[in-house]
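protein.cif (mmCIF, C-alpha atoms)
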data_data
#
loop_
_atom_site.group_PDB
_atom_site.id
_atom_site.type_symbol
_atom_site.label_atom_id
_atom_site.label_comp_id
_atom_site.auth_asym_id
_atom_site.auth_seq_id
_atom_site.Cartn_x
_atom_site.Cartn_y
_atom_site.Cartn_z
ATOM 1 C CA MET A 19 -232.579 102.610 -26.346
ATOM 2 C CA SER A 20 -229.301 102.273 -28.163
ATOM 3 C CA MET A 21 -229.152 99.584 -30.835
ATOM 4 C CA SER A 22 -225.798 98.035 -31.510
ATOM 5 C CA THR A 23 -224.786 94.745 -33.023
ATOM 6 C CA LEU A 24 -221.927 92.467 -32.211
ATOM 7 C CA THR A 25 -220.394 91.372 -35.470
ATOM 8 C CA SER A 26 -217.604 88.985 -36.216
ATOM 9 C CA SER A 27 -216.496 88.756 -39.808
ATOM 10 C CA ASP A 28 -215.143 85.292 -39.031
ATOM 11 C CA SER A 29 -218.406 83.833 -37.756
ATOM 12 C CA GLY A 30 -220.841 85.035 -40.425
ATOM 13 C CA PHE A 31 -223.348 86.003 -37.735
ATOM 14 C CA GLN A 32 -224.642 89.239 -36.291
ATOM 15 C CA TYR A 33 -226.103 89.415 -32.810
ATOM 16 C CA VAL A 34 -229.023 91.812 -32.650
ATOM 17 C CA PRO A 35 -231.148 92.426 -29.543
ATOM 18 C CA VAL A 36 -234.749 91.431 -30.155
ATOM 19 C CA PRO A 37 -237.611 92.226 -27.764
ATOM 20 C CA ASN A 38 -238.801 88.987 -26.123
ATOM 21 C CA ALA A 39 -242.304 89.452 -27.504
ATOM 22 C CA HIS A 40 -240.925 89.326 -31.074
ATOM 23 C CA VAL A 41 -238.560 86.359 -30.705
ATOM 24 C CA PRO A 42 -241.087 83.813 -32.098
ATOM 25 C CA ALA A 43 -241.639 85.985 -35.182
ATOM 26 C CA VAL A 44 -237.894 86.368 -35.720
ATOM 27 C CA LEU A 45 -237.392 82.601 -35.344
ATOM 28 C CA ALA A 46 -240.208 81.924 -37.817
ATOM 29 C CA PHE A 47 -238.676 84.426 -40.256
ATOM 30 C CA VAL A 48 -235.221 82.846 -40.002
ATOM 31 C CA ALA A 49 -236.703 79.348 -40.350
ATOM 32 C CA ALA A 50 -238.597 80.412 -43.477
ATOM 33 C CA ARG A 51 -235.461 81.930 -44.983
ATOM 34 C CA LEU A 52 -233.424 78.799 -44.218
ATOM 35 C CA ALA A 53 -236.130 76.698 -45.857
ATOM 36 C CA GLY A 54 -235.782 78.805 -49.000
ATOM 37 C CA GLU A 55 -239.106 80.553 -48.755
ATOM 38 C CA THR A 56 -239.295 84.065 -50.119
ATOM 39 C CA LEU A 57 -241.335 86.708 -48.381
ATOM 40 C CA ALA A 58 -244.021 88.664 -50.181
ATOM 41 C CA ALA A 59 -242.846 91.996 -48.844
ATOM 42 C CA ASN A 60 -239.616 93.384 -47.504
ATOM 43 C CA PRO A 61 -240.546 96.031 -44.920
ATOM 44 C CA TYR A 62 -237.059 97.529 -45.007
ATOM 45 C CA GLY A 63 -237.084 98.374 -48.713
ATOM 46 C CA GLN A 64 -233.702 96.770 -49.328
ATOM 47 C CA PRO A 65 -233.054 93.965 -51.762
ATOM 48 C CA MET A 66 -233.198 90.583 -50.082
ATOM 49 C CA PRO A 67 -230.640 87.930 -50.939
ATOM 50 C CA PRO A 68 -232.004 85.279 -53.278
ATOM 51 C CA ALA A 69 -233.497 82.271 -51.530
ATOM 52 C CA GLN A 70 -231.948 78.894 -52.065
ATOM 53 C CA GLU A 71 -233.583 77.229 -55.040
ATOM 54 C CA LEU A 72 -235.605 74.191 -54.002
ATOM 55 C CA ASP A 73 -238.156 72.012 -55.709
ATOM 56 C CA VAL A 74 -240.840 72.700 -53.141
ATOM 57 C CA GLU A 75 -243.446 69.972 -52.684
ATOM 58 C CA ASP A 76 -246.790 71.183 -51.441
ATOM 59 C CA GLU A 77 -247.862 67.926 -49.834
ATOM 60 C CA TRP A 78 -246.249 65.256 -47.744
ATOM 61 C CA THR A 79 -246.709 61.675 -48.837
ATOM 62 C CA ALA A 80 -247.846 59.234 -46.172
ATOM 63 C CA ALA A 81 -244.406 57.562 -46.383
ATOM 64 C CA GLN A 82 -242.606 60.874 -45.761
ATOM 65 C CA LEU A 83 -244.871 61.773 -42.861
ATOM 66 C CA LEU A 84 -244.345 58.322 -41.375
ATOM 67 C CA LYS A 85 -240.567 58.607 -41.782
ATOM 68 C CA PHE A 86 -240.578 62.036 -40.093
ATOM 69 C CA SER A 87 -242.767 60.908 -37.207
ATOM 70 C CA THR A 88 -240.645 57.829 -36.471
ATOM 71 C CA MET A 89 -237.246 59.522 -36.496
ATOM 72 C CA ALA A 90 -237.010 59.114 -32.703
ATOM 73 C CA THR A 91 -235.900 62.701 -32.103
ATOM 74 C CA LYS A 92 -237.256 65.236 -29.644
ATOM 75 C CA THR A 93 -238.393 67.364 -32.598
ATOM 76 C CA SER A 94 -240.253 64.573 -34.408
ATOM 77 C CA ASP A 95 -241.870 63.500 -31.126
ATOM 78 C CA THR A 96 -243.003 67.065 -30.329
ATOM 79 C CA VAL A 97 -244.347 67.663 -33.838
ATOM 80 C CA SER A 98 -246.134 64.289 -33.835
ATOM 81 C CA ARG A 99 -247.839 65.224 -30.574
ATOM 82 C CA MET A 100 -248.711 68.634 -32.050
ATOM 83 C CA LEU A 101 -250.226 66.953 -35.111
ATOM 84 C CA ASP A 102 -252.290 64.701 -32.827
ATOM 85 C CA LEU A 103 -253.803 67.778 -31.152
ATOM 86 C CA LEU A 104 -254.131 69.951 -34.240
ATOM 87 C CA SER A 105 -255.727 67.154 -36.287
ATOM 88 C CA GLN A 106 -258.636 67.028 -33.840
ATOM 89 C CA ASN A 107 -259.776 70.446 -35.071
ATOM 90 C CA PRO A 108 -258.100 71.348 -38.391
ATOM 91 C CA GLY A 109 -258.149 74.684 -40.159
ATOM 92 C CA LEU A 110 -257.854 78.224 -38.824
ATOM 93 C CA GLU A 111 -260.567 77.651 -36.251
ATOM 94 C CA GLY A 112 -258.429 74.962 -34.619
ATOM 95 C CA ALA A 113 -255.166 76.916 -34.623
ATOM 96 C CA ARG A 114 -253.402 76.844 -31.277
ATOM 97 C CA SER A 115 -250.928 79.371 -29.980
ATOM 98 C CA THR A 116 -247.418 78.496 -28.896
ATOM 99 C CA SER A 117 -248.429 78.947 -25.256
ATOM 100 C CA GLN A 118 -251.592 76.837 -25.690
ATOM 101 C CA LEU A 119 -249.636 74.004 -27.290
ATOM 102 C CA ALA A 120 -246.970 74.109 -24.581
ATOM 103 C CA GLN A 121 -249.682 73.795 -21.938
ATOM 104 C CA ASP A 122 -251.609 71.082 -23.834
ATOM 105 C CA LEU A 123 -248.446 69.055 -24.488
ATOM 106 C CA ASN A 124 -247.155 69.608 -20.952
ATOM 107 C CA VAL A 125 -243.806 70.934 -22.193
ATOM 108 C CA GLU A 126 -241.913 74.146 -21.615
ATOM 109 C CA TYR A 127 -242.906 77.119 -23.778
ATOM 110 C CA SER A 128 -239.357 77.223 -25.162
ATOM 111 C CA VAL A 129 -239.768 73.714 -26.621
ATOM 112 C CA VAL A 130 -242.750 74.734 -28.758
ATOM 113 C CA LYS A 131 -241.214 78.115 -29.571
ATOM 114 C CA ALA A 132 -238.164 76.345 -31.031
ATOM 115 C CA VAL A 133 -240.210 73.963 -33.206
ATOM 116 C CA PRO A 134 -240.037 76.053 -36.436
ATOM 117 C CA THR A 135 -236.245 76.307 -36.232
ATOM 118 C CA GLN A 136 -235.782 72.651 -35.299
ATOM 119 C CA VAL A 137 -238.180 71.431 -37.996
ATOM 120 C CA THR A 138 -236.374 73.500 -40.620
ATOM 121 C CA ARG A 139 -233.105 71.799 -39.711
ATOM 122 C CA VAL A 140 -234.665 68.341 -39.917
ATOM 123 C CA LEU A 141 -236.360 69.125 -43.221
ATOM 124 C CA ARG A 142 -233.176 70.463 -44.793
ATOM 125 C CA ALA A 143 -231.247 67.370 -43.698
ATOM 126 C CA HIS A 144 -233.808 64.675 -44.537
ATOM 127 C CA PHE A 145 -236.691 66.130 -46.584
ATOM 128 C CA ALA A 146 -235.247 68.810 -48.891
ATOM 129 C CA GLY A 147 -237.927 70.876 -50.580
ATOM 130 C CA ILE A 148 -240.779 70.048 -48.213
ATOM 131 C CA SER A 149 -242.324 72.678 -45.965
ATOM 132 C CA PRO A 150 -243.371 71.869 -42.383
ATOM 133 C CA PRO A 151 -246.324 69.511 -41.882
ATOM 134 C CA TYR A 152 -248.193 72.313 -40.105
ATOM 135 C CA GLU A 153 -249.060 75.908 -40.933
ATOM 136 C CA GLY A 154 -247.337 78.671 -38.974
ATOM 137 C CA LEU A 155 -249.537 81.724 -38.448
ATOM 138 C CA TRP A 156 -249.151 84.970 -36.543
ATOM 139 C CA GLY A 157 -251.871 85.911 -34.081
ATOM 140 C CA THR A 158 -251.997 89.618 -34.864
ATOM 141 C CA LYS A 159 -251.563 89.271 -38.636
ATOM 142 C CA ASP A 160 -253.312 86.126 -39.814
ATOM 143 C CA PHE A 161 -256.558 86.214 -37.814
ATOM 144 C CA VAL A 162 -259.659 88.407 -37.923
ATOM 145 C CA PRO A 163 -260.339 89.367 -35.244
ATOM 146 C CA SER A 164 -256.747 89.493 -34.151
ATOM 147 C CA ARG A 165 -255.465 87.023 -31.569
ATOM 148 C CA THR A 166 -252.575 87.239 -29.110
ATOM 149 C CA ASP A 167 -249.216 88.410 -30.415
ATOM 150 C CA GLU A 168 -247.552 85.022 -30.829
ATOM 151 C CA MET A 169 -247.141 82.226 -33.331
ATOM 152 C CA TYR A 170 -250.052 79.860 -33.919
ATOM 153 C CA PHE A 171 -249.929 76.396 -35.414
ATOM 154 C CA ALA A 172 -252.644 74.753 -37.516
ATOM 155 C CA VAL A 173 -253.067 71.913 -39.979
ATOM 156 C CA THR A 174 -255.136 71.748 -43.129
ATOM 157 C CA HIS A 175 -258.112 69.423 -43.296
ATOM 158 C CA GLU A 176 -256.151 67.274 -45.766
ATOM 159 C CA ARG A 177 -253.132 66.979 -43.453
ATOM 160 C CA ALA A 178 -255.399 66.166 -40.497
ATOM 161 C CA ALA A 179 -257.110 63.369 -42.463
ATOM 162 C CA GLN A 180 -253.729 62.043 -43.598
ATOM 163 C CA TRP A 181 -252.362 62.087 -40.039
ATOM 164 C CA ARG A 182 -255.470 60.479 -38.544
ATOM 165 C CA THR A 183 -255.274 57.707 -41.168
ATOM 166 C CA LEU A 184 -251.636 56.988 -40.251
ATOM 167 C CA ARG A 185 -252.542 56.882 -36.565
ATOM 168 C CA ALA A 186 -255.620 54.674 -37.178
ATOM 169 C CA GLU A 187 -253.358 52.205 -38.996
ATOM 170 C CA GLY A 188 -251.130 52.152 -35.906
ATOM 171 C CA LEU A 189 -248.322 53.987 -37.654
ATOM 172 C CA GLY A 190 -246.254 56.926 -36.493
ATOM 173 C CA ALA A 191 -244.511 57.452 -33.191
ATOM 174 C CA ARG A 192 -246.613 57.354 -30.042
#
I'd like the structure from this file rewritten - as structure tokens, please.
Amino acid sequence: MSMSTLTSSDSGFQYVPVPNAHVPAVLAFVAARLAGETLAANPYGQPMPPAQELDVEDEWTAAQLLKFSTMATKTSDTVSRMLDLLSQNPGLEGARSTSQLAQDLNVEYSVVKAVPTQVTRVLRAHFAGISPPYEGLWGTKDFVPSRTDEMYFAVTHERAAQWRTLRAEGLGAR
């Protein structure tokens, strides 16, 4: 297969064909880079551009999580519903794949697949320095034994308890 890119020096973008099976990983990579995260390893051996400097907060406050969940956007609604499901069984054992979440939430696969990119945009605009309220994991890399080759979502036990407390108090979008 011939690999060529369509490049426009005016747009600042390059269009590169990506196999469908790897699109979620590419989206997660781009979302991480836009959020200023640096990667532990560069498989291509070339210097990576420096990530944007951010004061990264490890935890969301209840007020921030409430603000995010009540933004009345498709993204905040989808993520709130994801947190409802993921908080029922936190940790790696409760991680759900993109396809599982799409089925459980009764939404198109493409909606869940786009969550990392959409969340990154929301975070950059309204919550600079905070990482997503969920953990993004890769099925073939982050699990032993390996799972399906797609992105998985999980929440920590702390995030699950925080989310359940907000919901028990009647807060957050429903």
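Comparing the minimum interatomic distances between A:Ala178 and each of A:Gly112, A:Gly147, A:Gly154, A:Pro35, counting only C-alpha atoms, we find that A:Gly112 sits nearest.
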Q) Expressed in Å to a single decimal, how great is the separation between atom CA of A:Lys159 and atom CA of A:Leu110? A)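 Separation between atom CA of A:Lys159 and atom CA of A:Leu110: 12.7 Å.
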Q.
If I take atom CA of A:Ser115 and atom CA of A:Lys92, how far is one from the other in Å, to one decimal?
A. 19.7 Å
**Q.** Picked residues, the PyMOL selection byres ((chain A and resi 118) around 12), as a list of chain:residue names
**A.**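 So the PyMOL selection byres ((chain A and resi 118) around 12) ends up selecting A:Met100, A:Leu103, A:Leu104, A:Gly112, A:Ala113, A:Arg114, A:Ser115, A:Thr116, A:Ser117, A:Leu119, A:Ala120, A:Gln121, A:Asp122, A:Leu123, A:Asn124, A:Val125, A:Glu126, A:Tyr127, A:Val130, A:Lys131, A:Thr166, A:Glu168, A:Met169, A:Tyr170, A:Phe171.
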Q) What does the distance between atom CA of A:His144 and atom CA of A:Ala186 come to in Å, to one decimal place? A)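 If I compute the distance from atom CA of A:His144 to atom CA of A:Ala186, I get 25.1 Å.
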Q: List the residues sitting within 8 Å of (-255.7, 72.5, -40.3) in the file's frame, using only C-alpha atoms, as an MDAnalysis selection string.
A: chainID A and resid 104:105 107:110 112:113 152:153 172:178
